[in-house]
Every structure is written in C-alpha cells, then in structure tokens.
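Asker: Below is a structure I'd like to ask you about.
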Amino acid sequence: MWLVIVLLGLVSIVSGEYFENYYNEIDIDDELADMKTRNALQNPWQRWPNTQMYYRLSSELSDEEKSNVRSALAVFNEQTCLQFEEVEASAPRRYVYYKKSPNMCGTRVGYNPVPLLGGSSHDVVLTGHCLSKAGIIQHETLHVLGLYHEQSRHDRDDHVVIDYDNIPRKYWSQFMAMSDSATTTYDVPYDFESVMHYPKNAFAKDPSKPTIRALVDGAAVEREMGQVLAPSEGDLFKVRQMYNC
Ligand SMILES: [Zn+2]
C-alpha cells in the first residue's frame, strides 16, 4: 500500500517517499504522516545531478494524456536550462516515470541519490483529472525537481494566515512551514500565483470558508491563490537558480 503524504515547504529536497493528496481526499495514517514530516525536515538538500532529464510515459496513459505530459514538460525545456527527453523503456539511467493512479496524484520531492526498491525510476502518479491539467503535471514535476509548496516557505507567516479550525486535524501537518535551514526562497517575493501554492480553501472542512488568508497590512484577507495553468515566473526563476541555468 502506498503511503500518502502531502508535501510541504518551498525549495528543499529530502530523502524518502513522499506523496501528496492535495488533489484527492485520501485518508492518511496520522502517525506515519507526522513521522514522515519530521524526516523531511531533517534530510539534506538534494537535486538532480545535471540538466538533462529523462522521462517515460506508462502505457496506461491514453494518447491524449501522453500528449498532455509532453506539452507540460516542454515548458521546462523552453523556459529553463533543463531538457526533458522521453525514453521508451526502462533504461540504465535514472528517469521520471509518469504513471496512472485511480485515486491519487503525487510524487517524492527531489532527487533520490540512493534508489531503493524503486529501481531507476522516480515515479509520478496522476489520476485522469490530474493528467488533464498542464499545471498539475508541472506542479508534480516541480516537486520532482525539488520544490515544496509555496505556502510552506519558511517566511510564509509574514504573508498568509492558516485557519486550523477549518482543517481536519489529520491534515494539519500539511500546512507546516519548512525550516529556513533546510529550504531557501531564492529571494523570490511570496508568490500567490505560484503553481505550487494551495488554493485558498485547500483541505477545508467547510469549503465555503478559506483555510488560507493573505496578510495585508496586518489583516487577514480572503483572496484567490494558486492556479493549475502553468508555472509562474517565480517558479521558473527558482528552477533556474537551483540548476544554475
Ligand atoms: Zn504538491
């Protein structure tokens, strides 16, 4: 059984298996979730060893879904120094493997320097819904590259307020801020347009009320945040910084 963990933070990379259920409501084992979250904070920074990336598409994906992934990744090829090249089958080199899931979308954050039973693939699992949105495919790919969620950056309390009363206890760990020793913002201003930002009512008990409000002049204000269209300029800037583009 897959462990389902939501990924938190901004630019940092960890070891271990981390999955998110941001786009799908799936029960999380609370104890394991807490343990994994702590591990995330203790683990060192890891990034992919070079800018040539390889990816593979599972045969479970429809032609349209394959096309969506290729188009989503082309944005990185065009706007960063990373080059995603498709490979057909299991190769001796490390590659990102886009697979289909009936009920979850997620991946591990960052490069795993010591692949365990997973072999040479870094799996990204996506539902049909997630495969239909370029921004979601890019969101998961940014996790692969080492980005956490925008609202978990270490300075987020200067920019947003989390309403824990409207969030089930088992999801509280998913709103944790990262430590500033484990992550960096690359001095990018807080980015409500980031494709890595949760929407304002993420994980809400009552979705008509926000779980995240923006801080404006000391007051908590409801506003739109996050999107599933494309990486923001800030997202792309961070990728370029991480990979020395
Ligand atoms: Zn995510």
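Residue numbering restarts at 1 in every chain; chains get A, B, ... in the order shown in the structure tokens, and ligands count up from 1 in that same order.
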Which of stretch 52-202 of chain A counts as strand (DSSP E or B) under DSSP, as a list of chain:residue names please?

Answerer: A:Gln52, A:Met53, A:Tyr54, A:Tyr55, A:Arg56, A:Leu57, A:Gln83, A:Phe84, A:Glu85, A:Glu86, A:Tyr95, A:Val96, A:Tyr97, A:Tyr98, A:Lys99, A:Lys100, A:Gly106, A:Thr107, A:Ser121, A:His122, A:Asp123, A:Val124, A:Val125, A:Leu126, A:Leu147, A:Val160, A:Val161, A:Ile162, A:Thr184

Asker: Please give the complete set of residues from stretch 139-236 of chain A that DSSP, run on the backbone, assigns to helix (DSSP H, G or I), formatted as a list in words.

Answerer: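 Listing helix (DSSP H, G or I) positions across stretch 139-236 of chain A yields His139, Glu140, Thr141, Leu142, His143, Val144, Leu145, Glu150, Gln151, Ser152, Arg156, Asp157, Asp158, Tyr164, Asp165, Asn166, Arg169, Lys170, Tyr171, Trp172, Ser173, Gln174, Phe175, Glu233, Gly234, Asp235 and Leu236 of chain A.
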
Asker: Using C-alpha atoms, can you write the selected residues to a file as a PDB file, in the first residue's frame?

Answerer:
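Listing of again.pdb after writing:
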```pdb
ATOM      1  CA  HIS A 139       3.261  21.026 -10.117  1.00  0.00           C
ATOM      2  CA  GLU A 140       4.228  17.387  -9.569  1.00  0.00           C
ATOM      3  CA  THR A 141       7.259  17.765 -11.812  1.00  0.00           C
ATOM      4  CA  LEU A 142       8.395  20.769  -9.757  1.00  0.00           C
ATOM      5  CA  HIS A 143       8.211  18.536  -6.680  1.00  0.00           C
ATOM      6  CA  VAL A 144      10.432  16.055  -8.541  1.00  0.00           C
ATOM      7  CA  LEU A 145      12.895  18.865  -9.209  1.00  0.00           C
ATOM      8  CA  GLU A 150       4.700  27.929  -1.749  1.00  0.00           C
ATOM      9  CA  GLN A 151       2.537  28.398   1.349  1.00  0.00           C
ATOM     10  CA  SER A 152       5.026  26.313   3.328  1.00  0.00           C
ATOM     11  CA  ARG A 156       5.048  32.308   4.968  1.00  0.00           C
ATOM     12  CA  ASP A 157       3.746  33.614   8.302  1.00  0.00           C
ATOM     13  CA  ASP A 158       4.630  37.090   7.051  1.00  0.00           C
ATOM     14  CA  TYR A 164      -6.593  25.432  11.515  1.00  0.00           C
ATOM     15  CA  ASP A 165     -10.140  25.440  12.893  1.00  0.00           C
ATOM     16  CA  ASN A 166     -11.354  24.769   9.362  1.00  0.00           C
ATOM     17  CA  ARG A 169      -6.518  17.554  12.488  1.00  0.00           C
ATOM     18  CA  LYS A 170      -5.059  14.831  10.306  1.00  0.00           C
ATOM     19  CA  TYR A 171      -4.189  17.422   7.656  1.00  0.00           C
ATOM     20  CA  TRP A 172      -2.572  19.972   9.963  1.00  0.00           C
ATOM     21  CA  SER A 173       0.883  18.597   9.198  1.00  0.00           C
ATOM     22  CA  GLN A 174       0.350  19.523   5.571  1.00  0.00           C
ATOM     23  CA  PHE A 175       0.252  23.206   6.441  1.00  0.00           C
ATOM     24  CA  GLU A 233       7.677  33.365 -13.322  1.00  0.00           C
ATOM     25  CA  GLY A 234       8.745  32.859  -9.710  1.00  0.00           C
ATOM     26  CA  ASP A 235       8.517  29.066 -10.058  1.00  0.00           C
ATOM     27  CA  LEU A 236      10.656  29.128 -13.199  1.00  0.00           C
TER      28      LEU A 236
END
```

Asker: For each of A:Ala202, A:Cys81, A:Ile136, A:Cys130, take the minimum atom-to-atom distance to A:Val239, counting only C-alpha atoms, then give the residue where this is smallest.

Answerer: A:Cys81

Asker: Near A:Val87, within 10 Å and counting only C-alpha atoms, which residues show up once chain neighbours fewer than 4 positions away are dropped, as a ChimeraX atom specification?

Answerer: /A:54-57,91,95-97

Asker: Near A:Asn50, within 10 Å and counting only C-alpha atoms, which residues show up once chain neighbours fewer than 6 positions away are dropped, as JSON, numbers by chain?

Answerer: {"A": [81, 82, 83, 243, 244]}

Asker: Create the file for the chosen residues now, containing all heavy atoms and written as a PDB file, in the first residue's frame.

Answerer:
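Saved file selection.pdb follows:
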```pdb
ATOM      1  N   CYS A  81      16.932  25.757 -18.325  1.00  0.00           N
ATOM      2  CA  CYS A  81      18.016  25.009 -18.981  1.00  0.00           C
ATOM      3  C   CYS A  81      17.823  23.503 -18.840  1.00  0.00           C
ATOM      4  O   CYS A  81      18.611  22.725 -19.356  1.00  0.00           O
ATOM      5  CB  CYS A  81      19.364  25.435 -18.418  1.00  0.00           C
ATOM      6  SG  CYS A  81      19.528  25.134 -16.643  1.00  0.00           S
ATOM      7  N   LEU A  82      16.763  23.072 -18.154  1.00  0.00           N
ATOM      8  CA  LEU A  82      16.501  21.642 -18.059  1.00  0.00           C
ATOM      9  C   LEU A  82      15.990  21.135 -19.405  1.00  0.00           C
ATOM     10  O   LEU A  82      15.232  21.830 -20.090  1.00  0.00           O
ATOM     11  CB  LEU A  82      15.450  21.349 -16.980  1.00  0.00           C
ATOM     12  CG  LEU A  82      15.853  21.689 -15.550  1.00  0.00           C
ATOM     13  CD1 LEU A  82      14.699  21.421 -14.602  1.00  0.00           C
ATOM     14  CD2 LEU A  82      17.072  20.876 -15.125  1.00  0.00           C
ATOM     15  N   GLN A  83      16.406  19.949 -19.767  1.00  0.00           N
ATOM     16  CA  GLN A  83      15.937  19.343 -21.008  1.00  0.00           C
ATOM     17  C   GLN A  83      15.344  17.973 -20.684  1.00  0.00           C
ATOM     18  O   GLN A  83      16.062  17.051 -20.293  1.00  0.00           O
ATOM     19  CB  GLN A  83      17.084  19.209 -22.016  1.00  0.00           C
ATOM     20  CG  GLN A  83      17.593  20.549 -22.515  1.00  0.00           C
ATOM     21  CD  GLN A  83      16.522  21.363 -23.231  1.00  0.00           C
ATOM     22  OE1 GLN A  83      15.842  20.857 -24.130  1.00  0.00           O
ATOM     23  NE2 GLN A  83      16.327  22.618 -22.826  1.00  0.00           N
ATOM     24  N   TYR A 243      19.231  24.966 -10.680  1.00  0.00           N
ATOM     25  CA  TYR A 243      20.006  24.184 -11.655  1.00  0.00           C
ATOM     26  C   TYR A 243      21.041  25.037 -12.392  1.00  0.00           C
ATOM     27  O   TYR A 243      21.529  24.644 -13.453  1.00  0.00           O
ATOM     28  CB  TYR A 243      19.056  23.436 -12.588  1.00  0.00           C
ATOM     29  CG  TYR A 243      18.389  22.303 -11.829  1.00  0.00           C
ATOM     30  CD1 TYR A 243      17.161  22.503 -11.196  1.00  0.00           C
ATOM     31  CD2 TYR A 243      19.027  21.078 -11.666  1.00  0.00           C
ATOM     32  CE1 TYR A 243      16.580  21.490 -10.437  1.00  0.00           C
ATOM     33  CE2 TYR A 243      18.452  20.067 -10.919  1.00  0.00           C
ATOM     34  CZ  TYR A 243      17.231  20.277 -10.305  1.00  0.00           C
ATOM     35  OH  TYR A 243      16.674  19.269  -9.554  1.00  0.00           O
ATOM     36  N   ASN A 244      21.339  26.205 -11.832  1.00  0.00           N
ATOM     37  CA  ASN A 244      22.404  27.058 -12.373  1.00  0.00           C
ATOM     38  C   ASN A 244      22.236  27.339 -13.856  1.00  0.00           C
ATOM     39  O   ASN A 244      23.181  27.237 -14.638  1.00  0.00           O
ATOM     40  CB  ASN A 244      23.774  26.412 -12.121  1.00  0.00           C
ATOM     41  CG  ASN A 244      24.024  26.204 -10.650  1.00  0.00           C
ATOM     42  OD1 ASN A 244      23.790  27.108  -9.842  1.00  0.00           O
ATOM     43  ND2 ASN A 244      24.467  25.012 -10.277  1.00  0.00           N
TER      44      ASN A 244
END
```

Asker: Which is closer to A:Arg93 than all the others in A:Ser121, A:Val69, A:Pro113, A:Tyr186, using only C-alpha atoms?

Answerer: A:Ser121

Asker: Please report the interatomic distance between atom CA of A:His122 and atom CA of A:Arg108 in Å with one decimal.

Answerer: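 These atoms are spaced 7.6 Å apart.
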
Asker: Which of these, A:Asp63, A:Leu147, A:Leu215, A:Tyr98, has the shortest distance to ligand 1 once you count only C-alpha atoms and all ligand atoms?

Answerer: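 Nearest candidate to ligand 1 out of A:Asp63, A:Leu147, A:Leu215, A:Tyr98: A:Leu147.
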